[in-house]
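Trainee: Structure file protein17.cif (mmCIF, C-alpha atoms) right here:
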```
data_run
loop_
_atom_site.label_atom_id
_atom_site.label_comp_id
_atom_site.auth_asym_id
_atom_site.auth_seq_id
_atom_site.Cartn_x
_atom_site.Cartn_y
_atom_site.Cartn_z
CA MET M 1 3.18 6.50 -3.03
CA LYS M 2 0.90 4.51 -5.31
CA GLN M 3 3.86 2.44 -6.48
CA VAL M 4 4.71 1.55 -2.87
CA PHE M 5 1.15 0.34 -2.24
CA ASP M 6 1.11 -1.54 -5.54
CA GLN M 7 4.38 -3.29 -4.65
CA LEU M 8 3.10 -4.08 -1.15
CA PHE M 9 -0.15 -5.52 -2.49
CA LYS M 10 1.75 -7.51 -5.13
CA PHE M 11 4.05 -8.91 -2.43
CA LEU M 12 1.09 -9.84 -0.23
CA HIS M 13 -0.76 -11.34 -3.19
CA ASP M 14 2.25 -13.44 -4.21
CA GLY M 15 2.79 -14.62 -0.63
CA VAL M 16 -0.83 -15.58 -0.12
CA SER M 17 -0.92 -17.29 -3.52
CA ALA M 18 2.17 -19.34 -2.67
CA ILE M 19 0.66 -20.37 0.65
CA PHE M 20 -2.61 -21.39 -1.00
CA ARG M 21 -0.75 -23.39 -3.68
CA PHE M 22 1.16 -25.21 -0.94
CA VAL M 23 -2.05 -25.87 1.03
CA GLU M 24 -3.72 -27.11 -2.16
CA LEU M 25 -0.80 -29.46 -2.83
CA ILE M 26 -0.91 -30.88 0.71
CA TRP M 27 -4.71 -31.08 0.62
CA THR M 28 -4.72 -32.96 -2.70
CA TRP M 29 -2.05 -35.38 -1.48
CA SER M 30 -3.92 -35.96 1.81
CA VAL M 31 -7.25 -36.56 0.08
CA ASP M 32 -5.54 -39.01 -2.28
CA GLN M 33 -4.04 -40.90 0.67
CA ILE M 34 -7.41 -40.99 2.47
CA ALA M 35 -9.12 -42.22 -0.72
CA ARG M 36 -6.53 -45.00 -1.04
CA LEU M 37 -7.11 -45.96 2.57
CA ALA M 38 -10.87 -46.09 2.02
CA THR M 39 -10.53 -48.43 -1.00
CA VAL M 40 -8.62 -51.15 0.83
CA PRO M 41 -10.64 -54.23 1.79
CA TRP M 42 -10.58 -53.50 5.53
CA GLN M 43 -13.47 -55.92 6.25
CA GLN M 44 -11.08 -58.86 5.77
CA TRP M 45 -8.42 -57.45 8.05
CA PRO M 46 -7.76 -58.76 11.53
CA LEU M 47 -9.37 -56.85 14.38
CA TRP M 48 -6.18 -55.06 15.45
CA LYS M 49 -5.75 -53.59 11.90
CA GLN M 50 -9.37 -52.43 11.90
CA PHE M 51 -8.78 -50.79 15.27
CA LEU M 52 -5.62 -49.14 13.92
CA LEU M 53 -7.61 -47.93 10.88
CA ALA M 54 -10.21 -46.44 13.22
CA LEU M 55 -7.44 -44.63 15.14
CA ILE M 56 -6.02 -43.32 11.86
CA LEU M 57 -9.45 -42.04 10.81
CA VAL M 58 -9.91 -40.35 14.20
CA GLY M 59 -6.47 -38.72 13.78
CA VAL M 60 -7.33 -37.53 10.26
CA ILE M 61 -10.68 -36.12 11.38
CA TRP M 62 -9.04 -34.43 14.39
CA ALA M 63 -6.33 -32.86 12.16
CA LEU M 64 -8.93 -31.65 9.63
CA TYR M 65 -11.06 -30.23 12.43
CA ARG M 66 -8.05 -28.36 13.84
CA ALA M 67 -7.14 -27.03 10.39
CA GLY M 68 -10.71 -25.92 9.77
CA ARG M 69 -10.93 -24.26 13.16
CA GLU M 70 -7.63 -22.40 12.66
CA LEU M 71 -8.74 -21.30 9.19
CA LEU M 72 -12.01 -20.04 10.63
CA GLU M 73 -10.20 -18.10 13.37
CA ALA M 74 -7.72 -16.70 10.85
CA GLY M 75 -10.58 -15.67 8.56
CA ALA M 76 -12.28 -13.89 11.44
CA ALA M 77 -9.01 -12.16 12.36
CA ILE M 78 -8.48 -11.10 8.74
CA LEU M 79 -12.02 -9.72 8.50
CA GLY M 80 -11.52 -7.91 11.81
CA ALA M 81 -8.24 -6.40 10.62
CA PHE M 82 -9.86 -5.37 7.34
CA ALA M 83 -12.73 -3.76 9.26
CA ASP M 84 -10.20 -1.92 11.45
CA LEU M 85 -8.37 -0.72 8.32
CA LEU M 86 -11.61 0.55 6.81
CA GLY M 87 -12.46 2.25 10.11
CA VAL M 88 -9.13 4.07 10.16
CA LEU M 89 -9.57 5.12 6.54
CA VAL M 90 -13.07 6.44 7.27
CA ARG M 91 -11.85 8.29 10.37
CA THR M 92 -9.14 10.05 8.33
CA LEU M 93 -11.56 11.23 5.63
CA PRO M 94 -12.60 14.43 7.48
CA HIS M 95 -8.95 15.42 8.01
CA VAL M 96 -8.10 14.76 4.37
CA MET M 97 -11.16 16.74 3.26
CA LEU M 98 -10.22 19.59 5.60
CA ALA M 99 -6.71 19.66 4.10
CA GLY M 100 -8.23 19.80 0.61
CA VAL M 101 -10.58 22.65 1.59
CA ILE M 102 -7.68 24.58 3.16
CA ALA M 103 -5.61 24.10 0.00
CA LEU M 104 -8.53 25.12 -2.22
CA GLY M 105 -9.20 28.21 -0.11
CA GLY M 106 -5.52 29.11 -0.09
CA VAL M 107 -5.25 28.85 -3.87
CA TRP M 108 -8.44 30.89 -4.30
CA VAL M 109 -7.16 33.64 -1.97
CA ILE M 110 -3.77 33.74 -3.71
CA ASN M 111 -5.36 33.91 -7.18
CA HIS M 112 -7.98 36.53 -6.23
CA LEU M 113 -6.00 38.71 -3.84
CA ASP M 114 -5.58 42.28 -5.09
CA ASN M 115 -1.85 42.96 -5.04
CA SER M 116 -2.35 46.72 -4.91
CA LEU M 117 -3.76 46.42 -1.38
CA VAL M 118 -0.52 44.98 -0.10
CA ARG M 119 2.32 47.45 0.36
CA MET M 120 5.90 46.36 0.60
CA PRO M 121 7.89 47.72 3.53
CA THR M 122 10.19 50.55 2.51
CA TRP M 123 13.31 48.67 3.48
CA LEU M 124 12.34 45.90 1.03
CA GLN M 125 11.54 48.39 -1.70
CA ALA M 126 14.90 50.11 -1.41
CA SER M 127 16.88 46.91 -1.61
CA GLU M 128 14.74 45.74 -4.51
CA GLN M 129 15.45 48.93 -6.49
CA THR M 130 19.20 48.72 -6.07
CA SER M 131 19.37 45.04 -6.91
CA SER M 132 17.09 44.91 -9.93
CA PRO M 133 18.83 45.49 -13.30
CA GLU M 134 16.07 47.62 -14.84
CA ASN M 135 16.26 50.14 -12.02
CA ARG M 136 20.00 50.58 -12.31
CA GLN M 137 21.23 53.20 -14.72
CA SER M 138 24.67 52.68 -16.06
CA SER M 139 26.56 55.89 -16.22
CA PRO M 140 30.04 56.13 -17.61
CA PRO M 141 32.88 56.78 -15.21
CA SER M 142 33.53 60.45 -14.57
CA GLY M 143 35.33 62.22 -17.34
CA GLN M 144 34.28 59.83 -20.10
CA GLN M 145 31.50 60.28 -22.57
CA SER M 146 29.04 57.65 -23.35
CA ASN M 147 29.17 56.65 -27.01
CA PRO M 148 26.49 54.52 -28.61
CA PRO M 149 27.77 51.17 -29.87
CA GLN M 150 28.81 51.26 -33.50
CA ASP M 151 28.03 48.65 -36.05
CA GLN M 152 31.19 46.82 -37.01
CA ARG M 153 31.34 45.24 -40.42
#
```
Please re-express this file's structure in structure tokens.

Mentor:
Amino acid sequence: MKQVFDQLFKFLHDGVSAIFRFVELIWTWSVDQIARLATVPWQQWPLWKQFLLALILVGVIWALYRAGRELLEAGAAILGAFADLLGVLVRTLPHVMLAGVIALGGVWVINHLDNSLVRMPTWLQASEQTSSPENRQSSPPSGQQSNPPQDQR
């Protein structure tokens, strides 16, 4: 079971890592593009280009705001799911502990139970005597004598 959880966590870790690498790549590229845009001499541009630059900046700020908001909501959802998971794990602790106590008590009873107090039913005893090899006595067929085995050299 531990291997299943380890594989699941490794899969989740690899998936989240790949997503974060992709986001980092896009973020770095976007910041580079914004930095290039900020270094251009926009003061010398005609008014319509300055207006277009202002629209581009508004679009960039709106997109970053949306991304930040979605990340915040996702973070809250992740924390909520993690809290729910911890709640379920805490709620199962008494049942797991009860199972452990039952197992411990069962092992203690089995190890400390006096076998002489328990009698086998007679029908089980009879079938046990006829089926066990030490209770069977081998007698030779009628008319033959039983000879001890001789050492052959």

Trainee: For each of M:Ile102, M:Leu37, M:Val90, M:Leu79, take the minimum atom-to-atom distance to Val60 of chain M, counting only C-alpha atoms, then give the residue where this is smallest.

Mentor: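 When distances to Val60 of chain M are compared using only C-alpha atoms, the smallest one comes from M:Leu37.
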
Trainee: Just the residues within 9 Å of Trp42 of chain M, please, counting all atoms listed in the file, with nothing from its chain fewer than 6 positions along; format it as a list in words.

Mentor: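 Once the adjacent positions are removed, what remains is Lys49, Gln50 and Leu53 of chain M.
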
Trainee: Using the selection just defined, write its residues with C-alpha atoms as a PDB file, keeping the file's coordinate frame.

Mentor:
```pdb
ATOM      1  CA  LYS M  49      -5.750 -53.590  11.900  1.00  0.00           C
ATOM      2  CA  GLN M  50      -9.370 -52.430  11.900  1.00  0.00           C
ATOM      3  CA  LEU M  53      -7.610 -47.930  10.880  1.00  0.00           C
TER       4      LEU M  53
END
```

Trainee: Please compute the atom CA of Ser30 of chain M-atom CA of Gly59 of chain M distance, one decimal, in Å.

Mentor: 12.5 Å

Trainee: Give me, please, the distance in Å between atom CA of Leu93 of chain M and atom CA of Val109 of chain M, quoted to one decimal.

Mentor: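 Atom-to-atom, atom CA of Leu93 of chain M and atom CA of Val109 of chain M are spaced 24.1 Å apart.
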
Trainee: At what distance in Å, to one decimal, does atom CA of Lys10 of chain M lie from atom CA of Ala67 of chain M?

Mentor: 26.5 Å

Trainee: How about completing segment 108-124 of chain M with N, CA and C atoms and giving it to me as a PDB file, keeping the file's coordinate frame?

Mentor:
```
ATOM      1  N   TRP M 108      -7.470  29.865  -3.892  1.00  0.00           N
ATOM      2  CA  TRP M 108      -8.440  30.890  -4.300  1.00  0.00           C
ATOM      3  C   TRP M 108      -8.010  32.255  -3.799  1.00  0.00           C
ATOM      4  N   VAL M 109      -7.583  32.352  -2.537  1.00  0.00           N
ATOM      5  CA  VAL M 109      -7.160  33.640  -1.970  1.00  0.00           C
ATOM      6  C   VAL M 109      -5.947  34.170  -2.730  1.00  0.00           C
ATOM      7  N   ILE M 110      -4.982  33.300  -3.009  1.00  0.00           N
ATOM      8  CA  ILE M 110      -3.770  33.740  -3.710  1.00  0.00           C
ATOM      9  C   ILE M 110      -4.118  34.220  -5.117  1.00  0.00           C
ATOM     10  N   ASN M 111      -5.013  33.527  -5.815  1.00  0.00           N
ATOM     11  CA  ASN M 111      -5.360  33.910  -7.180  1.00  0.00           C
ATOM     12  C   ASN M 111      -6.252  35.145  -7.240  1.00  0.00           C
ATOM     13  N   HIS M 112      -7.040  35.413  -6.197  1.00  0.00           N
ATOM     14  CA  HIS M 112      -7.980  36.530  -6.230  1.00  0.00           C
ATOM     15  C   HIS M 112      -7.588  37.698  -5.335  1.00  0.00           C
ATOM     16  N   LEU M 113      -6.451  37.640  -4.705  1.00  0.00           N
ATOM     17  CA  LEU M 113      -6.000  38.710  -3.840  1.00  0.00           C
ATOM     18  C   LEU M 113      -5.522  39.877  -4.690  1.00  0.00           C
ATOM     19  N   ASP M 114      -5.984  41.076  -4.362  1.00  0.00           N
ATOM     20  CA  ASP M 114      -5.580  42.280  -5.090  1.00  0.00           C
ATOM     21  C   ASP M 114      -4.210  42.706  -4.574  1.00  0.00           C
ATOM     22  N   ASN M 115      -3.215  42.644  -5.452  1.00  0.00           N
ATOM     23  CA  ASN M 115      -1.850  42.960  -5.040  1.00  0.00           C
ATOM     24  C   ASN M 115      -1.651  44.432  -4.700  1.00  0.00           C
ATOM     25  N   SER M 116      -2.529  45.295  -5.187  1.00  0.00           N
ATOM     26  CA  SER M 116      -2.350  46.720  -4.910  1.00  0.00           C
ATOM     27  C   SER M 116      -2.677  47.037  -3.443  1.00  0.00           C
ATOM     28  N   LEU M 117      -3.418  46.183  -2.778  1.00  0.00           N
ATOM     29  CA  LEU M 117      -3.760  46.420  -1.380  1.00  0.00           C
ATOM     30  C   LEU M 117      -2.590  46.118  -0.446  1.00  0.00           C
ATOM     31  N   VAL M 118      -1.641  45.371  -0.935  1.00  0.00           N
ATOM     32  CA  VAL M 118      -0.520  44.980  -0.100  1.00  0.00           C
ATOM     33  C   VAL M 118       0.671  45.870  -0.428  1.00  0.00           C
ATOM     34  N   ARG M 119       1.173  46.574   0.569  1.00  0.00           N
ATOM     35  CA  ARG M 119       2.320  47.450   0.360  1.00  0.00           C
ATOM     36  C   ARG M 119       3.559  46.771   0.908  1.00  0.00           C
ATOM     37  N   MET M 120       4.619  46.903   0.158  1.00  0.00           N
ATOM     38  CA  MET M 120       5.900  46.360   0.600  1.00  0.00           C
ATOM     39  C   MET M 120       6.519  47.333   1.597  1.00  0.00           C
ATOM     40  N   PRO M 121       7.181  46.821   2.609  1.00  0.00           N
ATOM     41  CA  PRO M 121       7.890  47.720   3.530  1.00  0.00           C
ATOM     42  C   PRO M 121       8.971  48.494   2.770  1.00  0.00           C
ATOM     43  N   THR M 122       9.244  49.688   3.232  1.00  0.00           N
ATOM     44  CA  THR M 122      10.190  50.550   2.510  1.00  0.00           C
ATOM     45  C   THR M 122      11.582  49.948   2.470  1.00  0.00           C
ATOM     46  N   TRP M 123      11.968  49.246   3.489  1.00  0.00           N
ATOM     47  CA  TRP M 123      13.310  48.670   3.480  1.00  0.00           C
ATOM     48  C   TRP M 123      13.431  47.589   2.430  1.00  0.00           C
ATOM     49  N   LEU M 124      12.316  46.890   2.116  1.00  0.00           N
ATOM     50  CA  LEU M 124      12.340  45.900   1.030  1.00  0.00           C
ATOM     51  C   LEU M 124      12.321  46.582  -0.331  1.00  0.00           C
TER      52      LEU M 124
END
```
